[in-house]
>>> print(open('coords23.txt').read())   # compact mmCIF, C-alpha atoms
# COMPACT_ATOMS: atom_id res chain seq x y z
CA MET U 1320 -34.96 97.71 -68.21
CA ARG U 1321 -38.66 96.96 -68.33
CA VAL U 1322 -40.43 96.24 -65.01
CA LEU U 1323 -44.01 95.07 -65.42
CA GLY U 1324 -46.19 96.47 -62.63
CA VAL U 1325 -49.22 94.36 -61.72
CA SER U 1326 -51.87 95.52 -59.27
CA GLY U 1327 -53.90 92.71 -57.77
CA SER U 1328 -56.81 95.11 -57.30
CA LEU U 1329 -59.12 95.72 -60.24
CA ARG U 1330 -60.37 99.01 -58.79
CA ARG U 1331 -59.14 101.96 -60.87
CA GLU U 1332 -58.05 104.11 -57.91
CA SER U 1333 -56.98 101.34 -55.56
CA HIS U 1334 -54.28 101.76 -52.93
CA ASN U 1335 -52.16 99.16 -54.71
CA ARG U 1336 -52.27 101.09 -57.98
CA ARG U 1337 -51.11 104.13 -55.97
CA LEU U 1338 -48.34 102.01 -54.50
CA LEU U 1339 -47.16 101.01 -57.98
CA ARG U 1340 -47.16 104.67 -59.06
CA ALA U 1341 -45.08 105.54 -55.99
CA ALA U 1342 -42.71 102.68 -56.83
CA ALA U 1343 -42.26 104.00 -60.38
CA THR U 1344 -40.68 107.18 -58.97
CA LEU U 1345 -38.16 105.18 -56.91
CA LEU U 1346 -36.88 102.83 -59.61
CA PRO U 1347 -33.25 103.25 -60.70
CA PRO U 1348 -32.88 105.50 -63.78
CA GLU U 1349 -32.23 102.58 -66.13
CA ALA U 1350 -35.58 100.97 -65.21
CA GLU U 1351 -39.10 101.82 -66.35
CA LEU U 1352 -42.31 100.61 -64.71
CA VAL U 1353 -44.90 99.55 -67.29
CA PRO U 1354 -48.32 98.94 -65.70
CA PHE U 1355 -50.33 95.93 -66.83
CA GLU U 1356 -53.96 96.99 -67.25
CA GLY U 1357 -55.57 93.81 -68.58
CA LEU U 1358 -56.01 91.68 -65.46
CA LYS U 1359 -59.81 92.00 -65.44
CA ALA U 1360 -60.11 90.59 -68.99
CA ILE U 1361 -58.23 87.34 -68.29
CA PRO U 1362 -60.74 84.45 -68.23
CA PRO U 1363 -60.67 81.74 -65.56
CA PHE U 1364 -57.92 79.19 -66.06
CA ASP U 1365 -59.28 76.11 -67.83
CA GLU U 1366 -57.01 73.34 -69.04
CA ASP U 1367 -59.48 72.70 -71.87
CA ASP U 1368 -58.62 76.16 -73.25
CA GLU U 1369 -54.83 75.75 -73.11
CA ALA U 1370 -54.52 74.77 -76.78
CA ALA U 1371 -56.20 78.03 -77.86
CA PRO U 1372 -56.00 80.62 -75.05
CA ALA U 1373 -58.08 83.79 -75.18
CA PRO U 1374 -56.44 86.95 -76.58
CA ALA U 1375 -56.32 88.44 -73.05
CA VAL U 1376 -54.27 85.46 -71.88
CA MET U 1377 -51.89 85.84 -74.81
CA ARG U 1378 -51.45 89.58 -74.04
CA TRP U 1379 -50.75 88.73 -70.39
CA ARG U 1380 -48.20 86.04 -71.21
CA ARG U 1381 -46.51 88.31 -73.77
CA SER U 1382 -46.33 91.19 -71.25
CA VAL U 1383 -44.72 88.90 -68.66
CA ALA U 1384 -42.30 87.41 -71.21
CA GLU U 1385 -41.21 90.84 -72.49
CA ALA U 1386 -40.51 92.19 -69.00
CA ASP U 1387 -37.08 91.96 -67.39
CA ALA U 1388 -38.71 91.83 -63.94
CA LEU U 1389 -42.15 91.88 -62.32
CA LEU U 1390 -43.48 94.01 -59.46
CA PHE U 1391 -46.76 92.89 -57.91
CA ALA U 1392 -48.78 95.06 -55.52
CA THR U 1393 -51.56 93.08 -53.90
CA PRO U 1394 -54.44 93.79 -51.56
CA GLU U 1395 -55.59 91.13 -49.14
CA TYR U 1396 -58.94 89.44 -49.67
CA ASN U 1397 -60.01 87.08 -46.87
CA SER U 1398 -56.41 86.62 -45.72
CA SER U 1399 -55.20 85.71 -49.22
CA ILE U 1400 -54.67 87.10 -52.73
CA PRO U 1401 -57.47 88.19 -55.06
CA GLY U 1402 -58.79 85.36 -57.22
CA GLN U 1403 -58.19 87.24 -60.47
CA LEU U 1404 -54.50 87.63 -59.63
CA LYS U 1405 -54.11 83.94 -58.76
CA ASN U 1406 -55.88 83.07 -62.00
CA ALA U 1407 -53.39 85.18 -64.01
CA ILE U 1408 -50.47 83.46 -62.31
CA ASP U 1409 -51.93 80.08 -63.21
CA TRP U 1410 -52.15 81.10 -66.88
CA ALA U 1411 -48.57 82.45 -66.87
CA SER U 1412 -47.27 79.23 -65.31
CA ARG U 1413 -48.35 77.09 -68.29
CA PRO U 1414 -47.18 75.34 -70.36
CA LEU U 1415 -44.45 74.42 -67.90
CA ALA U 1416 -41.52 74.16 -70.35
CA THR U 1417 -42.11 77.62 -71.84
CA ALA U 1418 -44.02 79.36 -69.05
CA ALA U 1419 -43.75 83.15 -69.09
CA LEU U 1420 -43.02 83.18 -65.34
CA ARG U 1421 -40.18 80.67 -65.58
CA ASN U 1422 -37.02 82.20 -63.99
CA LYS U 1423 -38.57 85.69 -64.11
CA PRO U 1424 -37.39 87.96 -61.23
CA ALA U 1425 -40.35 89.17 -59.18
CA ALA U 1426 -41.04 91.24 -56.07
CA VAL U 1427 -44.23 91.50 -54.05
CA ILE U 1428 -45.48 94.51 -52.10
CA GLY U 1429 -48.94 95.33 -50.83
CA ALA U 1430 -51.27 97.82 -49.22
CA SER U 1431 -54.50 97.42 -47.30
CA THR U 1432 -56.71 99.52 -45.09
CA GLY U 1433 -56.23 97.01 -42.25
CA MET U 1434 -53.56 96.89 -39.55
CA PHE U 1435 -51.34 94.30 -41.23
CA GLY U 1436 -50.79 95.79 -44.69
CA ALA U 1437 -51.69 92.71 -46.73
CA VAL U 1438 -48.83 90.75 -45.17
CA TRP U 1439 -50.62 87.39 -45.51
CA ALA U 1440 -51.53 88.08 -49.12
CA GLN U 1441 -47.92 88.97 -49.87
CA ALA U 1442 -46.72 85.68 -48.40
CA GLU U 1443 -49.35 83.76 -50.41
CA LEU U 1444 -48.42 85.58 -53.62
CA ARG U 1445 -44.69 84.96 -53.15
CA LYS U 1446 -45.49 81.27 -52.63
CA ALA U 1447 -47.70 81.06 -55.75
CA LEU U 1448 -45.12 82.89 -57.90
CA ALA U 1449 -42.26 80.68 -56.70
CA SER U 1450 -44.32 77.57 -57.35
CA ALA U 1451 -45.00 78.89 -60.87
CA GLY U 1452 -41.26 79.18 -61.52
CA ALA U 1453 -40.53 82.85 -60.82
CA ARG U 1454 -37.41 83.92 -58.89
CA VAL U 1455 -39.07 85.81 -56.06
CA ILE U 1456 -37.24 88.31 -53.86
CA ASP U 1457 -37.72 87.28 -50.22
CA ARG U 1458 -38.77 90.69 -48.92
CA GLU U 1459 -42.10 92.32 -48.26
CA LEU U 1460 -43.51 95.79 -47.81
CA PRO U 1461 -46.74 95.83 -45.82
CA ILE U 1462 -48.47 99.21 -46.14
CA ALA U 1463 -51.07 99.21 -43.37
CA LEU U 1464 -53.85 101.78 -42.92
CA ALA U 1465 -53.49 102.64 -46.60
CA ASP U 1466 -56.06 105.46 -46.44
CA GLU U 1467 -53.45 107.45 -44.49
CA ALA U 1468 -50.24 106.06 -46.04
CA PHE U 1469 -50.06 108.33 -49.12
CA ASP U 1470 -49.80 112.10 -49.46
CA GLU U 1471 -51.81 114.23 -51.91
CA GLN U 1472 -49.30 113.49 -54.69
CA GLY U 1473 -49.68 109.75 -54.13
CA MET U 1474 -46.27 109.27 -52.51
CA LEU U 1475 -45.71 107.26 -49.35
CA VAL U 1476 -45.71 109.39 -46.20
CA SER U 1477 -43.43 107.17 -44.11
CA PRO U 1478 -39.69 107.68 -44.78
CA GLU U 1479 -39.05 104.13 -43.52
CA GLN U 1480 -41.48 102.69 -46.07
CA VAL U 1481 -39.93 104.80 -48.85
CA LEU U 1482 -36.49 103.48 -47.87
CA GLU U 1483 -37.69 99.87 -47.76
CA LEU U 1484 -39.48 100.18 -51.10
CA GLY U 1485 -36.35 101.70 -52.64
CA GLY U 1486 -34.30 98.75 -51.36
CA ILE U 1487 -36.76 96.23 -52.80
CA LEU U 1488 -36.72 98.01 -56.16
CA ALA U 1489 -32.92 98.18 -56.24
CA GLU U 1490 -32.73 94.43 -55.58
CA LEU U 1491 -35.38 93.78 -58.22
CA ALA U 1492 -33.49 95.93 -60.76
CA THR U 1493 -30.27 94.01 -60.05
CA GLU U 1494 -32.07 90.69 -60.55
CA GLY U 1495 -33.78 92.02 -63.68
CA ALA U 1496 -30.45 93.10 -65.18
CA ARG U 1497 -28.96 89.68 -64.39
CA HIS U 1498 -31.96 87.99 -66.01
CA ALA U 1499 -31.65 90.16 -69.14
CA ARG U 1500 -27.93 89.26 -69.44
CA ASP U 1501 -28.71 85.56 -69.02
CA GLU U 1502 -31.36 85.79 -71.73
CA GLN U 1503 -28.96 87.53 -74.10
CA MET U 1504 -26.27 84.94 -73.49
CA ALA U 1505 -28.74 82.11 -74.11
CA LEU U 1506 -29.68 83.68 -77.45
CA ALA U 1507 -26.10 84.43 -78.55
CA PRO U 1508 -24.59 82.06 -81.18
CA ALA U 1509 -22.20 79.48 -79.73
CA GLY U 1510 -18.69 80.86 -79.34
CA ARG U 1511 -19.81 84.51 -79.44
CA ILE U 1512 -20.14 86.11 -76.05
CA SER U 1513 -20.17 89.86 -75.85
>>> encode(input="coords23.txt", output="structure tokens")
Amino acid sequence: MRVLGVSGSLRRESHNRRLLRAAATLLPPEAELVPFEGLKAIPPFDEDDEAAPAPAVMRWRRSVAEADALLFATPEYNSSIPGQLKNAIDWASRPLATAALRNKPAAVIGASTGMFGAVWAQAELRKALASAGARVIDRELPIALADEAFDEQGMLVSPEQVLELGGILAELATEGARHARDEQMALAPAGRIS
């Protein structure tokens, strides 16, 4: 199972990239976290460009479409999600009939250096993803005071947060497996179900 990991932060050594790396170690054995590294290259959404999207948009849509599930880790910018992340969601939500996000299982987690652990940004991101057609898990993992939340190996220090993250990932893997089965059944010739 392929889980696409998307950090809402563009910074190379951001707390949310660390959070995705920590998540990769907690995924069930049948799942693999594949980080998406092209967020910065995606141009602003412009309906005039929909007929011929930029190569970065096509790579993004293809990465989302090829994934069985999506794991987003977002920081909080001014009580909301980073603009570049919202922009990517807008591109993946179009065209509506064949949108890459349509029915895609997704989970949202987040880390910030503040007291609330990007909780508002997580709520905003879940709302944007659901509006774009994704099947979003209704759980959150706010990692507050992120400067102190990880050990030297990049793993979460708090056993409670490790347990909660593991639960979110298990639920995401279950939804991803269900999605993969549904996709296979939709592609199978009529009368042949295996």
>>> closest_residue(input="coords23.txt", among="U:Pro1363, U:Pro1401, U:Gly1473, U:Gly1436", to="Arg1336 of chain U", atoms="only C-alpha atoms")
U:Gly1473
>>> closest_atom_pairs(input="coords23.txt", of="segment 1409-1490 of chain U", to="segment 1367-1390 of chain U", cutoff="9 Å", atoms="all atoms listed in the file", output="tab-separated table")
residue	atom	partner	partner_atom	distance
U:Trp1410	CA	U:Val1376	CA	7.0
U:Ala1411	CA	U:Arg1380	CA	5.6
U:Arg1413	CA	U:Glu1369	CA	8.2
U:Pro1414	CA	U:Glu1369	CA	8.1
U:Ala1418	CA	U:Arg1380	CA	8.2
U:Ala1419	CA	U:Ala1384	CA	5.0
U:Leu1420	CA	U:Val1383	CA	6.8
U:Lys1423	CA	U:Ala1388	CA	6.1
U:Pro1424	CA	U:Ala1388	CA	4.9
U:Ala1425	CA	U:Leu1389	CA	4.5
U:Ala1426	CA	U:Leu1390	CA	5.0
U:Val1427	CA	U:Leu1390	CA	6.0
U:Ile1428	CA	U:Leu1390	CA	7.6
U:Leu1488	CA	U:Leu1390	CA	8.5
>>> closest_residue(input="coords23.txt", among="U:Met1320, U:Ala1468, U:Met1434, U:Ala1416", to="Glu1349 of chain U", atoms="all atoms listed in the file")
U:Met1320
>>> atom_distance(input="coords23.txt", atom1="atom CA of Ser1333 of chain U", atom2="atom CA of Ile1462 of chain U")
12.9 Å
>>> atom_distance(input="coords23.txt", atom1="atom CA of Ala1453 of chain U", atom2="atom CA of Ala1407 of chain U")
13.5 Å
>>> residues_around(input="coords23.txt", residues="Ser1431 of chain U", least_positions_apart="5", cutoff="6 Å", atoms="only C-alpha atoms", output="list in words")
Pro1394, Gly1436, Ala1437, Ala1463 and Ala1465 of chain U
>>> closest_residue(input="coords23.txt", among="U:Leu1482, U:Ala1440, U:Asp1466, U:Asp1457", to="Glu1332 of chain U", atoms="only C-alpha atoms")
U:Asp1466
>>> closest_residue(input="coords23.txt", among="U:Glu1459, U:Lys1405, U:Leu1491, U:Phe1391", to="Phe1364 of chain U", atoms="all atoms listed in the file")
U:Lys1405
>>> closest_residue(input="coords23.txt", among="U:Glu1366, U:Glu1356, U:Asp1409, U:Asp1470", to="Ala1451 of chain U", atoms="only C-alpha atoms")
U:Asp1409
>>> atom_distance(input="coords23.txt", atom1="atom CA of Thr1393 of chain U", atom2="atom CA of Ser1328 of chain U")
6.6 Å
>>> axis_aligned_box(input="coords23.txt", around="segment 1347-1358 of chain U", padding_each_side="3 Å", output="AutoDock Vina command-line options")
--center_x -44.1 --center_y 98.6 --center_z -64.6 --size_x 29.8 --size_y 19.8 --size_z 13.9
>>> closest_residue(input="coords23.txt", among="U:Ala1343, U:Arg1337, U:Asn1422, U:Ala1350", to="Ala1496 of chain U", atoms="only C-alpha atoms")
U:Ala1350
>>> residues_around(input="coords23.txt", residues="Val1438 of chain U", least_positions_apart="5", cutoff="8 Å", atoms="only C-alpha atoms", output="list of chain:residue names")
U:Glu1395, U:Gly1429, U:Glu1459, U:Leu1460, U:Pro1461
>>> residues_around(input="coords23.txt", residues="Leu1338 of chain U", least_positions_apart="3", cutoff="8 Å", atoms="all atoms listed in the file", output="CSV table (one decimal) with C-alpha atoms, in the frame of the given file")
chain,number,residue,atom,x,y,z
U,1334,HIS,CA,-54.3,101.8,-52.9
U,1335,ASN,CA,-52.2,99.2,-54.7
U,1341,ALA,CA,-45.1,105.5,-56.0
U,1342,ALA,CA,-42.7,102.7,-56.8
U,1392,ALA,CA,-48.8,95.1,-55.5
U,1429,GLY,CA,-48.9,95.3,-50.8
U,1430,ALA,CA,-51.3,97.8,-49.2
U,1473,GLY,CA,-49.7,109.8,-54.1
U,1474,MET,CA,-46.3,109.3,-52.5
U,1475,LEU,CA,-45.7,107.3,-49.4
>>> decode(input="coords23.txt", residues="segment 1432-1446 of chain U", atoms="N, CA, C and O atoms", output="mmCIF file, in the first residue's frame")
data_model
loop_
_atom_site.group_PDB
_atom_site.id
_atom_site.type_symbol
_atom_site.label_atom_id
_atom_site.label_comp_id
_atom_site.auth_asym_id
_atom_site.auth_seq_id
_atom_site.Cartn_x
_atom_site.Cartn_y
_atom_site.Cartn_z
ATOM 1 N N THR U 1432 5.397 25.134 16.764
ATOM 2 C CA THR U 1432 6.152 25.508 17.957
ATOM 3 C C THR U 1432 5.262 26.169 19.006
ATOM 4 O O THR U 1432 5.705 26.397 20.123
ATOM 5 N N GLY U 1433 4.018 26.458 18.656
ATOM 6 C CA GLY U 1433 3.085 27.087 19.588
ATOM 7 C C GLY U 1433 2.457 26.082 20.544
ATOM 8 O O GLY U 1433 2.730 24.884 20.515
ATOM 9 N N MET U 1434 1.558 26.589 21.375
ATOM 10 C CA MET U 1434 0.908 25.783 22.423
ATOM 11 C C MET U 1434 -0.179 24.856 21.899
ATOM 12 O O MET U 1434 -0.583 23.923 22.577
ATOM 13 N N PHE U 1435 -0.701 25.119 20.689
ATOM 14 C CA PHE U 1435 -1.874 24.387 20.236
ATOM 15 C C PHE U 1435 -1.586 23.334 19.170
ATOM 16 O O PHE U 1435 -2.482 22.628 18.736
ATOM 17 N N GLY U 1436 -0.360 23.226 18.712
ATOM 18 C CA GLY U 1436 0.007 22.148 17.810
ATOM 19 C C GLY U 1436 -0.682 22.163 16.463
ATOM 20 O O GLY U 1436 -1.041 21.110 15.940
ATOM 21 N N ALA U 1437 -0.903 23.344 15.918
ATOM 22 C CA ALA U 1437 -1.515 23.479 14.590
ATOM 23 C C ALA U 1437 -2.925 22.912 14.534
ATOM 24 O O ALA U 1437 -3.382 22.456 13.491
ATOM 25 N N VAL U 1438 -3.642 22.964 15.629
ATOM 26 C CA VAL U 1438 -4.986 22.375 15.681
ATOM 27 C C VAL U 1438 -5.960 23.106 14.750
ATOM 28 O O VAL U 1438 -6.799 22.466 14.103
ATOM 29 N N TRP U 1439 -5.850 24.413 14.643
ATOM 30 C CA TRP U 1439 -6.745 25.150 13.739
ATOM 31 C C TRP U 1439 -6.424 24.827 12.286
ATOM 32 O O TRP U 1439 -7.311 24.672 11.458
ATOM 33 N N ALA U 1440 -5.147 24.764 11.976
ATOM 34 C CA ALA U 1440 -4.746 24.431 10.607
ATOM 35 C C ALA U 1440 -5.230 23.026 10.235
ATOM 36 O O ALA U 1440 -5.675 22.796 9.102
ATOM 37 N N GLN U 1441 -5.152 22.103 11.167
ATOM 38 C CA GLN U 1441 -5.621 20.743 10.886
ATOM 39 C C GLN U 1441 -7.120 20.740 10.575
ATOM 40 O O GLN U 1441 -7.565 20.062 9.647
ATOM 41 N N ALA U 1442 -7.881 21.496 11.349
ATOM 42 C CA ALA U 1442 -9.329 21.577 11.096
ATOM 43 C C ALA U 1442 -9.600 22.203 9.726
ATOM 44 O O ALA U 1442 -10.461 21.717 8.973
ATOM 45 N N GLU U 1443 -8.863 23.261 9.389
ATOM 46 C CA GLU U 1443 -9.034 23.908 8.081
ATOM 47 C C GLU U 1443 -8.666 22.959 6.944
ATOM 48 O O GLU U 1443 -9.342 22.912 5.911
ATOM 49 N N LEU U 1444 -7.582 22.212 7.125
ATOM 50 C CA LEU U 1444 -7.137 21.294 6.074
ATOM 51 C C LEU U 1444 -8.123 20.145 5.896
ATOM 52 O O LEU U 1444 -8.432 19.762 4.760
ATOM 53 N N ARG U 1445 -8.631 19.609 6.990
ATOM 54 C CA ARG U 1445 -9.647 18.541 6.861
ATOM 55 C C ARG U 1445 -10.870 19.067 6.108
ATOM 56 O O ARG U 1445 -11.424 18.386 5.253
ATOM 57 N N LYS U 1446 -11.276 20.297 6.408
ATOM 58 C CA LYS U 1446 -12.423 20.899 5.726
ATOM 59 C C LYS U 1446 -12.153 21.068 4.234
ATOM 60 O O LYS U 1446 -12.992 20.723 3.398
#
